[in-house]
Amino acid sequence: MILSGGLVLWTAEQAAQGAGVSRNAIDVWIYRKHLRQAADPNGVALYDDERRMLFWATDIAKLATEKRSRGSGERVVVAPTLPDDVASAVWTLAEIVQSVGVIEVTARRWIASGMLAPVNPGDSGEPVYRVLDVARVERSTRRRARRRFTAA
């Protein structure tokens, strides 16, 4: 329903569809008092012709955006800068941590589990790992770890 001045009111079903969430999510938002029924300037609750509660579309959009960004648990990481010759490039453990945006414990778990195997030791005698292998392992664990890359 569109009011004068361009304000839009939605039923719970329309809100769920417009926000891209389930109808149950709308009910939860109402129960937790994140979402309140629309009211006129006098504070009287608004309903449609079938006596269904109405909500301001702007409130729904704001709440959906806020819940997605806060509730997703995603970590936004700057995309690694890869060397020009990726096929033969290698990284030390410290370079993996810095370049990929994971903590050292994560990289060590990849190594201990056999997901990431060292190639010949580097000049300093420290184990090195192929950049392609690191990228493969990072990608395979990205969704579960909720990492998302952004451009540098």
# chains A, B, ... in the order shown; residues from 1 in each chain; ligands from 1
>>> residues_around(residues="A:Gln37", least_positions_apart="6", cutoff="8 Å", atoms="only C-alpha atoms", output="MDAnalysis selection string")
chainID A and resid 45:46 53:56
>>> closest_residue(among="A:Ala57, A:Ala112, A:Val128, A:Val105", to="A:Thr92", atoms="only C-alpha atoms")
A:Val128
>>> residues_around(residues="A:Asn24", least_positions_apart="4", cutoff="10 Å", atoms="only C-alpha atoms", output="list in words")
Ala12, Glu13, Ala16, Val28, Trp29 and Ile30 of chain A
>>> write_last_selection(atoms="C-alpha atoms", output="PDB file, in the first residue's frame")
ATOM      1  CA  ALA A  12       4.132  -9.248   6.961  1.00  0.00           C
ATOM      2  CA  GLU A  13       4.055 -11.434   3.833  1.00  0.00           C
ATOM      3  CA  ALA A  16       9.239 -11.039   4.036  1.00  0.00           C
ATOM      4  CA  VAL A  28      10.781 -13.251  15.181  1.00  0.00           C
ATOM      5  CA  TRP A  29      11.602  -9.583  14.536  1.00  0.00           C
ATOM      6  CA  ILE A  30       8.146  -8.618  15.792  1.00  0.00           C
TER       7      ILE A  30
END
>>> residues_around(residues="A:Arg130", least_positions_apart="2", cutoff="6 Å", atoms="only C-alpha atoms", output="number ranges by chain")
A: 90, 132-133
>>> write_last_selection(atoms="C-alpha atoms", output="PDB file, in the first residue's frame")
ATOM      1  CA  VAL A  90      55.973 -19.922  -2.828  1.00  0.00           C
ATOM      2  CA  LEU A 132      48.380 -22.224  -5.769  1.00  0.00           C
ATOM      3  CA  ASP A 133      48.052 -24.795  -2.970  1.00  0.00           C
TER       4      ASP A 133
END
>>> closest_atom_pairs(of="stretch 88-125 of chain A", to="stretch 135-142 of chain A", cutoff="8 Å", atoms="only C-alpha atoms", output="CSV")
residue,atom,partner,partner_atom,distance
A:Val100,CA,A:Glu138,CA,7.7
A:Trp110,CA,A:Val137,CA,7.5
A:Met115,CA,A:Val137,CA,6.5
A:Leu116,CA,A:Val137,CA,7.0
>>> write_last_selection(atoms="N, CA and C atoms", output="PDB file, in the first residue's frame")
ATOM      1  N   VAL A 100      46.773 -13.980   3.022  1.00  0.00           N
ATOM      2  CA  VAL A 100      45.437 -14.563   2.918  1.00  0.00           C
ATOM      3  C   VAL A 100      44.464 -13.979   3.935  1.00  0.00           C
ATOM      4  N   TRP A 110      45.858 -26.136   8.620  1.00  0.00           N
ATOM      5  CA  TRP A 110      45.880 -26.602   7.241  1.00  0.00           C
ATOM      6  C   TRP A 110      47.082 -27.519   7.022  1.00  0.00           C
ATOM      7  N   MET A 115      46.206 -30.693   4.458  1.00  0.00           N
ATOM      8  CA  MET A 115      45.579 -29.931   3.374  1.00  0.00           C
ATOM      9  C   MET A 115      46.616 -29.095   2.635  1.00  0.00           C
ATOM     10  N   LEU A 116      47.679 -28.736   3.335  1.00  0.00           N
ATOM     11  CA  LEU A 116      48.723 -27.889   2.767  1.00  0.00           C
ATOM     12  C   LEU A 116      50.067 -28.548   3.059  1.00  0.00           C
TER      13      LEU A 116
END
>>> select_by_dssp(residues="stretch 19-56 of chain A", states="strand (DSSP E or B)", output="PyMOL selection string")
chain A and resi 39+45+47+53+55-56
>>> atom_distance(atom1="atom CA of A:Glu50", atom2="atom CA of A:Ala15")
16.2 Å
>>> residues_around(residues="A:Ala94", least_positions_apart="6", cutoff="12 Å", atoms="only C-alpha atoms", output="count of residues only")
13
